[in-house]
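File shown: target-v5.cif. Contents: mmCIF, N, CA and C atoms.
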data_data
#
loop_
_atom_site.label_atom_id
_atom_site.label_comp_id
_atom_site.auth_asym_id
_atom_site.auth_seq_id
_atom_site.Cartn_x
_atom_site.Cartn_y
_atom_site.Cartn_z
N GLY Z 1 21.80 20.07 95.08
CA GLY Z 1 21.71 20.48 93.70
C GLY Z 1 22.31 19.50 92.71
N PHE Z 2 23.38 18.78 93.09
CA PHE Z 2 24.04 17.86 92.16
C PHE Z 2 24.86 16.86 92.96
N ASP Z 3 25.25 15.79 92.33
CA ASP Z 3 26.05 14.75 92.95
C ASP Z 3 27.48 15.28 93.14
N GLN Z 4 27.83 15.55 94.39
CA GLN Z 4 29.13 16.14 94.71
C GLN Z 4 30.30 15.27 94.25
N SER Z 5 30.09 13.96 94.21
CA SER Z 5 31.18 13.05 93.82
C SER Z 5 31.48 13.12 92.32
N ARG Z 6 30.59 13.76 91.56
CA ARG Z 6 30.78 13.87 90.11
C ARG Z 6 31.29 15.25 89.71
N ALA Z 7 31.76 16.04 90.71
CA ALA Z 7 32.22 17.40 90.42
C ALA Z 7 33.41 17.76 91.30
N THR Z 8 34.15 18.76 90.85
CA THR Z 8 35.30 19.27 91.59
C THR Z 8 35.07 20.73 91.93
N HIS Z 9 35.26 21.05 93.21
CA HIS Z 9 35.12 22.43 93.70
C HIS Z 9 36.49 23.08 93.79
N ARG Z 10 36.52 24.38 93.55
CA ARG Z 10 37.72 25.19 93.80
C ARG Z 10 37.25 26.48 94.45
N PHE Z 11 37.98 26.91 95.46
CA PHE Z 11 37.73 28.18 96.12
C PHE Z 11 39.05 28.93 96.09
N VAL Z 12 39.07 30.08 95.43
CA VAL Z 12 40.31 30.79 95.16
C VAL Z 12 40.22 32.21 95.69
N LEU Z 13 41.25 32.62 96.44
CA LEU Z 13 41.36 33.99 96.91
C LEU Z 13 42.13 34.80 95.88
N THR Z 14 41.68 36.00 95.60
CA THR Z 14 42.38 36.91 94.70
C THR Z 14 42.59 38.24 95.43
N ALA Z 15 43.36 39.11 94.84
CA ALA Z 15 43.65 40.42 95.45
C ALA Z 15 42.39 41.25 95.64
N GLY Z 16 41.40 41.05 94.78
CA GLY Z 16 40.17 41.83 94.87
C GLY Z 16 38.97 41.08 95.41
N GLY Z 17 39.16 39.82 95.81
CA GLY Z 17 38.04 39.01 96.30
C GLY Z 17 38.36 37.54 96.16
N GLY Z 18 37.75 36.92 95.16
CA GLY Z 18 38.00 35.51 94.91
C GLY Z 18 36.92 34.90 94.05
N TYR Z 19 36.91 33.57 94.00
CA TYR Z 19 35.85 32.91 93.26
C TYR Z 19 35.60 31.50 93.76
N ILE Z 20 34.38 31.06 93.49
CA ILE Z 20 33.93 29.71 93.75
C ILE Z 20 33.76 29.07 92.38
N GLU Z 21 34.42 27.96 92.15
CA GLU Z 21 34.35 27.31 90.83
C GLU Z 21 33.99 25.85 91.02
N ILE Z 22 33.08 25.38 90.21
CA ILE Z 22 32.69 23.97 90.24
C ILE Z 22 32.63 23.47 88.80
N ALA Z 23 33.21 22.29 88.57
CA ALA Z 23 33.20 21.69 87.24
C ALA Z 23 32.89 20.21 87.35
N ALA Z 24 32.13 19.71 86.40
CA ALA Z 24 31.86 18.27 86.33
C ALA Z 24 33.18 17.55 86.07
N ASN Z 25 33.35 16.41 86.69
CA ASN Z 25 34.59 15.65 86.50
C ASN Z 25 34.71 15.08 85.09
N ALA Z 26 33.59 14.71 84.50
CA ALA Z 26 33.59 14.11 83.16
C ALA Z 26 33.09 15.12 82.13
N ALA Z 27 33.83 15.25 81.05
CA ALA Z 27 33.47 16.21 80.01
C ALA Z 27 32.10 15.92 79.39
N ASP Z 28 31.69 14.67 79.40
CA ASP Z 28 30.41 14.31 78.78
C ASP Z 28 29.25 14.25 79.78
N ASP Z 29 29.47 14.71 81.01
CA ASP Z 29 28.43 14.67 82.03
C ASP Z 29 27.57 15.94 81.95
N VAL Z 30 26.70 15.95 80.95
CA VAL Z 30 25.85 17.11 80.68
C VAL Z 30 24.89 17.38 81.83
N GLU Z 31 24.36 16.32 82.43
CA GLU Z 31 23.40 16.47 83.52
C GLU Z 31 24.02 17.25 84.69
N VAL Z 32 25.18 16.83 85.15
CA VAL Z 32 25.82 17.51 86.28
C VAL Z 32 26.27 18.91 85.88
N THR Z 33 26.76 19.07 84.66
CA THR Z 33 27.16 20.41 84.21
C THR Z 33 25.98 21.37 84.29
N GLN Z 34 24.83 20.96 83.81
CA GLN Z 34 23.64 21.82 83.87
C GLN Z 34 23.23 22.10 85.31
N GLN Z 35 23.33 21.11 86.17
CA GLN Z 35 22.98 21.31 87.58
C GLN Z 35 23.96 22.25 88.27
N ILE Z 36 25.23 22.17 87.93
CA ILE Z 36 26.24 23.08 88.49
C ILE Z 36 25.94 24.52 88.08
N VAL Z 37 25.65 24.72 86.80
CA VAL Z 37 25.35 26.07 86.31
C VAL Z 37 24.15 26.64 87.05
N ALA Z 38 23.09 25.87 87.17
CA ALA Z 38 21.89 26.35 87.87
C ALA Z 38 22.22 26.66 89.34
N HIS Z 39 22.99 25.81 89.97
CA HIS Z 39 23.37 26.00 91.38
C HIS Z 39 24.17 27.29 91.55
N LEU Z 40 25.17 27.50 90.70
CA LEU Z 40 26.02 28.69 90.84
C LEU Z 40 25.29 29.97 90.47
N GLU Z 41 24.39 29.90 89.51
CA GLU Z 41 23.57 31.08 89.20
C GLU Z 41 22.72 31.44 90.42
N GLU Z 42 22.17 30.42 91.08
CA GLU Z 42 21.37 30.66 92.28
C GLU Z 42 22.23 31.22 93.42
N ILE Z 43 23.41 30.65 93.61
CA ILE Z 43 24.33 31.13 94.65
C ILE Z 43 24.63 32.61 94.43
N SER Z 44 24.94 32.98 93.19
CA SER Z 44 25.24 34.37 92.87
C SER Z 44 24.07 35.28 93.24
N ARG Z 45 22.88 34.88 92.87
CA ARG Z 45 21.68 35.68 93.15
C ARG Z 45 21.42 35.78 94.65
N LEU Z 46 21.49 34.65 95.35
CA LEU Z 46 21.22 34.64 96.79
C LEU Z 46 22.26 35.43 97.57
N PHE Z 47 23.53 35.23 97.25
CA PHE Z 47 24.58 35.96 97.96
C PHE Z 47 24.43 37.46 97.76
N LYS Z 48 24.08 37.89 96.54
CA LYS Z 48 23.85 39.33 96.29
C LYS Z 48 22.78 39.88 97.22
N ALA Z 49 21.79 39.05 97.53
CA ALA Z 49 20.69 39.46 98.41
C ALA Z 49 21.05 39.31 99.89
N GLY Z 50 22.26 38.82 100.18
CA GLY Z 50 22.68 38.61 101.56
C GLY Z 50 22.18 37.32 102.17
N ASP Z 51 21.73 36.40 101.34
CA ASP Z 51 21.18 35.12 101.79
C ASP Z 51 22.25 34.03 101.70
N PHE Z 52 22.70 33.55 102.86
CA PHE Z 52 23.72 32.51 102.92
C PHE Z 52 23.14 31.21 103.48
N GLY Z 53 21.87 30.96 103.18
CA GLY Z 53 21.19 29.76 103.65
C GLY Z 53 21.77 28.48 103.08
N ILE Z 54 22.23 28.49 101.85
CA ILE Z 54 22.79 27.27 101.25
C ILE Z 54 24.07 26.84 101.96
N PRO Z 55 25.04 27.73 102.19
CA PRO Z 55 26.22 27.29 102.95
C PRO Z 55 25.87 26.84 104.37
N LEU Z 56 24.88 27.48 104.98
CA LEU Z 56 24.43 27.09 106.31
C LEU Z 56 23.90 25.65 106.27
N ALA Z 57 23.08 25.34 105.29
CA ALA Z 57 22.51 24.00 105.16
C ALA Z 57 23.59 22.97 104.81
N THR Z 58 24.52 23.34 103.97
CA THR Z 58 25.58 22.44 103.54
C THR Z 58 26.51 22.06 104.69
N HIS Z 59 26.88 23.04 105.50
CA HIS Z 59 27.89 22.81 106.52
C HIS Z 59 27.33 22.64 107.93
N GLY Z 60 26.03 22.87 108.10
CA GLY Z 60 25.43 22.74 109.41
C GLY Z 60 25.78 23.89 110.34
N GLU Z 61 26.40 24.90 109.80
CA GLU Z 61 26.75 26.11 110.54
C GLU Z 61 26.95 27.23 109.52
N LEU Z 62 26.81 28.45 109.98
CA LEU Z 62 27.06 29.58 109.10
C LEU Z 62 28.57 29.76 109.00
N PRO Z 63 29.13 29.66 107.81
CA PRO Z 63 30.57 29.77 107.67
C PRO Z 63 31.09 31.12 108.16
N PRO Z 64 32.27 31.13 108.77
CA PRO Z 64 32.88 32.40 109.15
C PRO Z 64 32.96 33.33 107.94
N GLY Z 65 32.71 34.59 108.16
CA GLY Z 65 32.72 35.59 107.09
C GLY Z 65 31.37 35.82 106.45
N ALA Z 66 30.46 34.84 106.53
CA ALA Z 66 29.17 34.96 105.85
C ALA Z 66 28.31 36.07 106.43
N SER Z 67 28.27 36.19 107.76
CA SER Z 67 27.48 37.26 108.37
C SER Z 67 27.98 38.63 107.94
N GLU Z 68 29.29 38.76 107.91
CA GLU Z 68 29.89 40.03 107.48
C GLU Z 68 29.61 40.29 106.00
N MET Z 69 29.68 39.24 105.19
CA MET Z 69 29.38 39.41 103.77
C MET Z 69 27.93 39.85 103.57
N ALA Z 70 27.03 39.30 104.36
CA ALA Z 70 25.62 39.69 104.27
C ALA Z 70 25.45 41.16 104.66
N ALA Z 71 26.10 41.56 105.75
CA ALA Z 71 25.99 42.94 106.22
C ALA Z 71 26.64 43.92 105.25
N LEU Z 72 27.67 43.48 104.57
CA LEU Z 72 28.42 44.35 103.64
C LEU Z 72 28.03 44.12 102.19
N ARG Z 73 26.85 43.57 101.95
CA ARG Z 73 26.48 43.17 100.59
C ARG Z 73 26.54 44.30 99.57
N ASP Z 74 26.40 45.55 99.99
CA ASP Z 74 26.51 46.66 99.05
C ASP Z 74 27.96 46.90 98.62
N ALA Z 75 28.91 46.34 99.35
CA ALA Z 75 30.33 46.50 99.02
C ALA Z 75 30.92 45.26 98.38
N ILE Z 76 30.07 44.27 98.07
CA ILE Z 76 30.54 43.02 97.48
C ILE Z 76 29.72 42.70 96.24
N GLY Z 77 30.40 42.39 95.15
CA GLY Z 77 29.73 42.01 93.92
C GLY Z 77 29.88 40.52 93.65
N TYR Z 78 28.88 39.95 93.02
CA TYR Z 78 28.87 38.53 92.66
C TYR Z 78 28.49 38.42 91.20
N ARG Z 79 29.30 37.70 90.43
CA ARG Z 79 29.03 37.56 89.00
C ARG Z 79 29.24 36.10 88.59
N PHE Z 80 28.22 35.50 88.01
CA PHE Z 80 28.34 34.14 87.50
C PHE Z 80 29.05 34.17 86.16
N GLU Z 81 29.97 33.23 85.96
CA GLU Z 81 30.65 33.05 84.67
C GLU Z 81 30.62 31.58 84.31
N PRO Z 82 30.15 31.24 83.12
CA PRO Z 82 30.22 29.84 82.69
C PRO Z 82 31.66 29.46 82.36
N ILE Z 83 32.01 28.21 82.64
CA ILE Z 83 33.30 27.65 82.25
C ILE Z 83 33.02 26.28 81.64
N ASP Z 84 34.04 25.70 81.06
CA ASP Z 84 33.92 24.35 80.52
C ASP Z 84 33.50 23.40 81.63
N ARG Z 85 32.40 22.68 81.48
CA ARG Z 85 31.88 21.68 82.42
C ARG Z 85 31.28 22.28 83.69
N GLY Z 86 31.02 23.60 83.73
CA GLY Z 86 30.42 24.17 84.94
C GLY Z 86 30.42 25.68 84.95
N GLY Z 87 30.88 26.24 86.06
CA GLY Z 87 30.88 27.68 86.17
C GLY Z 87 31.61 28.15 87.41
N ARG Z 88 31.63 29.49 87.55
CA ARG Z 88 32.24 30.08 88.73
C ARG Z 88 31.45 31.32 89.13
N VAL Z 89 31.48 31.61 90.42
CA VAL Z 89 30.94 32.86 90.94
C VAL Z 89 32.15 33.70 91.32
N VAL Z 90 32.32 34.80 90.61
CA VAL Z 90 33.42 35.73 90.88
C VAL Z 90 32.92 36.72 91.93
N ILE Z 91 33.69 36.86 93.00
CA ILE Z 91 33.32 37.72 94.10
C ILE Z 91 34.30 38.88 94.15
N SER Z 92 33.78 40.10 94.11
CA SER Z 92 34.65 41.28 94.15
C SER Z 92 34.28 42.14 95.35
N ALA Z 93 35.29 42.57 96.08
CA ALA Z 93 35.10 43.36 97.29
C ALA Z 93 35.54 44.80 97.04
N ALA Z 94 34.71 45.75 97.49
CA ALA Z 94 34.98 47.17 97.25
C ALA Z 94 35.58 47.87 98.47
N SER Z 95 35.85 47.12 99.54
CA SER Z 95 36.47 47.72 100.72
C SER Z 95 37.35 46.68 101.40
N ALA Z 96 38.25 47.16 102.25
CA ALA Z 96 39.14 46.24 102.97
C ALA Z 96 38.34 45.32 103.89
N GLN Z 97 37.31 45.84 104.52
CA GLN Z 97 36.48 45.04 105.42
C GLN Z 97 35.74 43.95 104.63
N ALA Z 98 35.22 44.31 103.48
CA ALA Z 98 34.54 43.32 102.63
C ALA Z 98 35.52 42.26 102.15
N LEU Z 99 36.72 42.68 101.77
CA LEU Z 99 37.73 41.73 101.30
C LEU Z 99 38.10 40.75 102.40
N GLU Z 100 38.25 41.23 103.62
CA GLU Z 100 38.57 40.35 104.74
C GLU Z 100 37.45 39.32 104.95
N ALA Z 101 36.21 39.75 104.86
CA ALA Z 101 35.07 38.83 105.03
C ALA Z 101 35.05 37.77 103.93
N VAL Z 102 35.26 38.19 102.69
CA VAL Z 102 35.28 37.26 101.55
C VAL Z 102 36.40 36.23 101.73
N HIS Z 103 37.58 36.69 102.08
CA HIS Z 103 38.71 35.78 102.25
C HIS Z 103 38.48 34.81 103.41
N THR Z 104 37.87 35.29 104.49
CA THR Z 104 37.55 34.42 105.62
C THR Z 104 36.58 33.32 105.18
N PHE Z 105 35.56 33.71 104.45
CA PHE Z 105 34.56 32.77 103.94
C PHE Z 105 35.21 31.74 103.01
N LEU Z 106 36.03 32.19 102.09
CA LEU Z 106 36.65 31.28 101.13
C LEU Z 106 37.66 30.34 101.80
N ARG Z 107 38.40 30.85 102.77
CA ARG Z 107 39.34 29.97 103.49
C ARG Z 107 38.59 28.84 104.20
N TYR Z 108 37.46 29.17 104.80
CA TYR Z 108 36.64 28.15 105.44
C TYR Z 108 36.21 27.10 104.41
N GLN Z 109 35.77 27.54 103.25
CA GLN Z 109 35.33 26.62 102.20
C GLN Z 109 36.47 25.72 101.74
N ILE Z 110 37.66 26.27 101.63
CA ILE Z 110 38.83 25.48 101.21
C ILE Z 110 39.06 24.33 102.19
N VAL Z 111 39.01 24.63 103.48
CA VAL Z 111 39.21 23.61 104.51
C VAL Z 111 38.08 22.59 104.50
N GLU Z 112 36.85 23.07 104.50
CA GLU Z 112 35.69 22.18 104.57
C GLU Z 112 35.58 21.25 103.36
N HIS Z 113 35.88 21.77 102.19
CA HIS Z 113 35.77 20.96 100.97
C HIS Z 113 37.08 20.24 100.63
N ARG Z 114 38.09 20.48 101.47
CA ARG Z 114 39.41 19.84 101.28
C ARG Z 114 39.94 20.04 99.85
N THR Z 115 39.95 21.29 99.43
CA THR Z 115 40.37 21.57 98.06
C THR Z 115 41.84 21.93 97.95
N ARG Z 116 42.56 21.94 99.06
CA ARG Z 116 44.01 22.18 99.01
C ARG Z 116 44.73 21.18 99.85
#
Starting from the coordinates I provided, produce the structure as structure tokens.
Amino acid sequence: GFDQSRATHRFVLTAGGGYIEIAANAADDVEVTQQIVAHLEEISRLFKAGDFGIPLATHGELPPGASEMAALRDAIGYRFEPIDRGGRVVISAASAQALEAVHTFLRYQIVEHRTR
């Protein structure tokens, strides 16, 4: 979707779920900002439908927690929010099982993307 070297990823766990945030590194990089927004809007839509094909393609494996998130999709909400230079997908879990799946998924992303 966009040049990964021109953007910064963040994966954050919260008490109620977490979020995936991506921002263009340069404030004037309108092209990457627009691509990030489109990508995250698509991620939000696909994850709501239980489709985790993009993380599978990105990592060459289905990330831990993704199968559970797909199965529990009625207990997990996804909301796109624009931010300066990009956006975030806010993930909210309505049950302890859903929260565990979301946190497992996000922890994997933190390690894979080396964001901590």
Q: Excluding region 33-38 of chain Z and residues on its chain fewer than 2 positions from it, collect all residues at most 6.5 Å away from it, counting all atoms listed in the file, and give them as a list of chain:residue names.
A: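 In the requested format, the answer is Z:Gly1, Z:Phe2, Z:Ile22, Z:Ala24, Z:Asp29, Z:Val30, Z:Glu31, Z:Leu40, Z:Glu41, Z:Glu42, Z:Ile43, Z:Arg85, Z:Gly86, Z:Gly87.
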Q. So which residues fall inside 5 Å of (35.7, 42.2, 94.8) if we count all atoms listed in the file? Mind giving them as JSON, numbers by chain?
A. {"Z": [16, 17, 91, 92, 93, 94]}
**Q.** Two-atom distance - atom N of His113 (chain Z), atom C of Leu13 (chain Z) (Å)
**A.** 15.8 Å
(Q) Taking the file as I've supplied it (selection: the PyMOL selection byres ((chain Z and resi 74) around 8)), which residues are included? Please answer as a list in words. (A)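 Checked against the file, the PyMOL selection byres ((chain Z and resi 74) around 8) matches Lys48, Gly50, Met69, Ala70, Ala71, Leu72, Arg73, Ala75, Ile76, Gly77, Ala94 and Ser95 of chain Z.
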Q: Would you please give, as a ChimeraX atom specification, all residues of region 8-68 of chain Z that DSSP assigns to strand (DSSP E) based on the backbone?
A: /Z:8-14,17-24
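Computed from the coordinates, the atom N of Ala26 (chain Z) to atom C of Leu56 (chain Z) distance equals 26.2 Å.
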Q) Smallest atom-to-atom distance to Asn25 (chain Z): which of Z:Ser44, Z:Gln109, Z:Thr115, Z:Ser5, using all atoms listed in the file? A) Z:Ser5
(Q) If I take atom C of Leu46 (chain Z) and CA of Val90 (chain Z), how far is one from the other in Å, to one decimal? (A) 13.0 Å
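Proximity to His103 (chain Z) was assessed for Z:Ala23, Z:Ile83, Z:Ala15, Z:Val32 counting only C-alpha atoms; the smallest distance is recorded for Z:Ala15.
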Is there a way to complete region 23-46 of chain Z with N, CA, C and O atoms and then write that out as a PDB file, in the frame of the given file?
ATOM      1  N   ALA Z  23      33.210  22.290  88.570  1.00  0.00           N
ATOM      2  CA  ALA Z  23      33.200  21.690  87.240  1.00  0.00           C
ATOM      3  C   ALA Z  23      32.890  20.210  87.350  1.00  0.00           C
ATOM      4  O   ALA Z  23      33.338  19.538  88.294  1.00  0.00           O
ATOM      5  N   ALA Z  24      32.130  19.710  86.400  1.00  0.00           N
ATOM      6  CA  ALA Z  24      31.860  18.270  86.330  1.00  0.00           C
ATOM      7  C   ALA Z  24      33.180  17.550  86.070  1.00  0.00           C
ATOM      8  O   ALA Z  24      34.037  18.044  85.326  1.00  0.00           O
ATOM      9  N   ASN Z  25      33.350  16.410  86.690  1.00  0.00           N
ATOM     10  CA  ASN Z  25      34.590  15.650  86.500  1.00  0.00           C
ATOM     11  C   ASN Z  25      34.710  15.080  85.090  1.00  0.00           C
ATOM     12  O   ASN Z  25      35.803  14.981  84.555  1.00  0.00           O
ATOM     13  N   ALA Z  26      33.590  14.710  84.500  1.00  0.00           N
ATOM     14  CA  ALA Z  26      33.590  14.110  83.160  1.00  0.00           C
ATOM     15  C   ALA Z  26      33.090  15.120  82.130  1.00  0.00           C
ATOM     16  O   ALA Z  26      32.056  15.756  82.322  1.00  0.00           O
ATOM     17  N   ALA Z  27      33.830  15.250  81.050  1.00  0.00           N
ATOM     18  CA  ALA Z  27      33.470  16.210  80.010  1.00  0.00           C
ATOM     19  C   ALA Z  27      32.100  15.920  79.390  1.00  0.00           C
ATOM     20  O   ALA Z  27      31.420  16.837  78.937  1.00  0.00           O
ATOM     21  N   ASP Z  28      31.690  14.670  79.400  1.00  0.00           N
ATOM     22  CA  ASP Z  28      30.410  14.310  78.780  1.00  0.00           C
ATOM     23  C   ASP Z  28      29.250  14.250  79.780  1.00  0.00           C
ATOM     24  O   ASP Z  28      28.147  13.826  79.433  1.00  0.00           O
ATOM     25  N   ASP Z  29      29.470  14.710  81.010  1.00  0.00           N
ATOM     26  CA  ASP Z  29      28.430  14.670  82.030  1.00  0.00           C
ATOM     27  C   ASP Z  29      27.570  15.940  81.950  1.00  0.00           C
ATOM     28  O   ASP Z  29      27.674  16.857  82.754  1.00  0.00           O
ATOM     29  N   VAL Z  30      26.700  15.950  80.950  1.00  0.00           N
ATOM     30  CA  VAL Z  30      25.850  17.110  80.680  1.00  0.00           C
ATOM     31  C   VAL Z  30      24.890  17.380  81.830  1.00  0.00           C
ATOM     32  O   VAL Z  30      24.653  18.534  82.199  1.00  0.00           O
ATOM     33  N   GLU Z  31      24.360  16.320  82.430  1.00  0.00           N
ATOM     34  CA  GLU Z  31      23.400  16.470  83.520  1.00  0.00           C
ATOM     35  C   GLU Z  31      24.020  17.250  84.690  1.00  0.00           C
ATOM     36  O   GLU Z  31      23.447  18.234  85.166  1.00  0.00           O
ATOM     37  N   VAL Z  32      25.180  16.830  85.150  1.00  0.00           N
ATOM     38  CA  VAL Z  32      25.820  17.510  86.280  1.00  0.00           C
ATOM     39  C   VAL Z  32      26.270  18.910  85.880  1.00  0.00           C
ATOM     40  O   VAL Z  32      26.134  19.849  86.667  1.00  0.00           O
ATOM     41  N   THR Z  33      26.760  19.070  84.660  1.00  0.00           N
ATOM     42  CA  THR Z  33      27.160  20.410  84.210  1.00  0.00           C
ATOM     43  C   THR Z  33      25.980  21.370  84.290  1.00  0.00           C
ATOM     44  O   THR Z  33      26.120  22.494  84.798  1.00  0.00           O
ATOM     45  N   GLN Z  34      24.830  20.960  83.810  1.00  0.00           N
ATOM     46  CA  GLN Z  34      23.640  21.820  83.870  1.00  0.00           C
ATOM     47  C   GLN Z  34      23.230  22.100  85.310  1.00  0.00           C
ATOM     48  O   GLN Z  34      22.845  23.229  85.644  1.00  0.00           O
ATOM     49  N   GLN Z  35      23.330  21.110  86.170  1.00  0.00           N
ATOM     50  CA  GLN Z  35      22.980  21.310  87.580  1.00  0.00           C
ATOM     51  C   GLN Z  35      23.960  22.250  88.270  1.00  0.00           C
ATOM     52  O   GLN Z  35      23.553  23.083  89.095  1.00  0.00           O
ATOM     53  N   ILE Z  36      25.230  22.170  87.930  1.00  0.00           N
ATOM     54  CA  ILE Z  36      26.240  23.080  88.490  1.00  0.00           C
ATOM     55  C   ILE Z  36      25.940  24.520  88.080  1.00  0.00           C
ATOM     56  O   ILE Z  36      25.966  25.428  88.905  1.00  0.00           O
ATOM     57  N   VAL Z  37      25.650  24.720  86.800  1.00  0.00           N
ATOM     58  CA  VAL Z  37      25.350  26.070  86.310  1.00  0.00           C
ATOM     59  C   VAL Z  37      24.150  26.640  87.050  1.00  0.00           C
ATOM     60  O   VAL Z  37      24.187  27.781  87.538  1.00  0.00           O
ATOM     61  N   ALA Z  38      23.090  25.870  87.170  1.00  0.00           N
ATOM     62  CA  ALA Z  38      21.890  26.350  87.870  1.00  0.00           C
ATOM     63  C   ALA Z  38      22.220  26.660  89.340  1.00  0.00           C
ATOM     64  O   ALA Z  38      21.767  27.689  89.873  1.00  0.00           O
ATOM     65  N   HIS Z  39      22.990  25.810  89.970  1.00  0.00           N
ATOM     66  CA  HIS Z  39      23.370  26.000  91.380  1.00  0.00           C
ATOM     67  C   HIS Z  39      24.170  27.290  91.550  1.00  0.00           C
ATOM     68  O   HIS Z  39      23.897  28.099  92.441  1.00  0.00           O
ATOM     69  N   LEU Z  40      25.170  27.500  90.700  1.00  0.00           N
ATOM     70  CA  LEU Z  40      26.020  28.690  90.840  1.00  0.00           C
ATOM     71  C   LEU Z  40      25.290  29.970  90.470  1.00  0.00           C
ATOM     72  O   LEU Z  40      25.544  31.016  91.077  1.00  0.00           O
ATOM     73  N   GLU Z  41      24.390  29.900  89.510  1.00  0.00           N
ATOM     74  CA  GLU Z  41      23.570  31.080  89.200  1.00  0.00           C
ATOM     75  C   GLU Z  41      22.720  31.440  90.420  1.00  0.00           C
ATOM     76  O   GLU Z  41      22.577  32.620  90.757  1.00  0.00           O
ATOM     77  N   GLU Z  42      22.170  30.420  91.080  1.00  0.00           N
ATOM     78  CA  GLU Z  42      21.370  30.660  92.280  1.00  0.00           C
ATOM     79  C   GLU Z  42      22.230  31.220  93.420  1.00  0.00           C
ATOM     80  O   GLU Z  42      21.830  32.154  94.109  1.00  0.00           O
ATOM     81  N   ILE Z  43      23.410  30.650  93.610  1.00  0.00           N
ATOM     82  CA  ILE Z  43      24.330  31.130  94.650  1.00  0.00           C
ATOM     83  C   ILE Z  43      24.630  32.610  94.430  1.00  0.00           C
ATOM     84  O   ILE Z  43      24.585  33.422  95.355  1.00  0.00           O
ATOM     85  N   SER Z  44      24.940  32.980  93.190  1.00  0.00           N
ATOM     86  CA  SER Z  44      25.240  34.370  92.870  1.00  0.00           C
ATOM     87  C   SER Z  44      24.070  35.280  93.240  1.00  0.00           C
ATOM     88  O   SER Z  44      24.249  36.326  93.870  1.00  0.00           O
ATOM     89  N   ARG Z  45      22.880  34.880  92.870  1.00  0.00           N
ATOM     90  CA  ARG Z  45      21.680  35.680  93.150  1.00  0.00           C
ATOM     91  C   ARG Z  45      21.420  35.780  94.650  1.00  0.00           C
ATOM     92  O   ARG Z  45      21.159  36.856  95.180  1.00  0.00           O
ATOM     93  N   LEU Z  46      21.490  34.650  95.350  1.00  0.00           N
ATOM     94  CA  LEU Z  46      21.220  34.640  96.790  1.00  0.00           C
ATOM     95  C   LEU Z  46      22.260  35.430  97.570  1.00  0.00           C
ATOM     96  O   LEU Z  46      21.915  36.200  98.475  1.00  0.00           O
TER      97      LEU Z  46
END
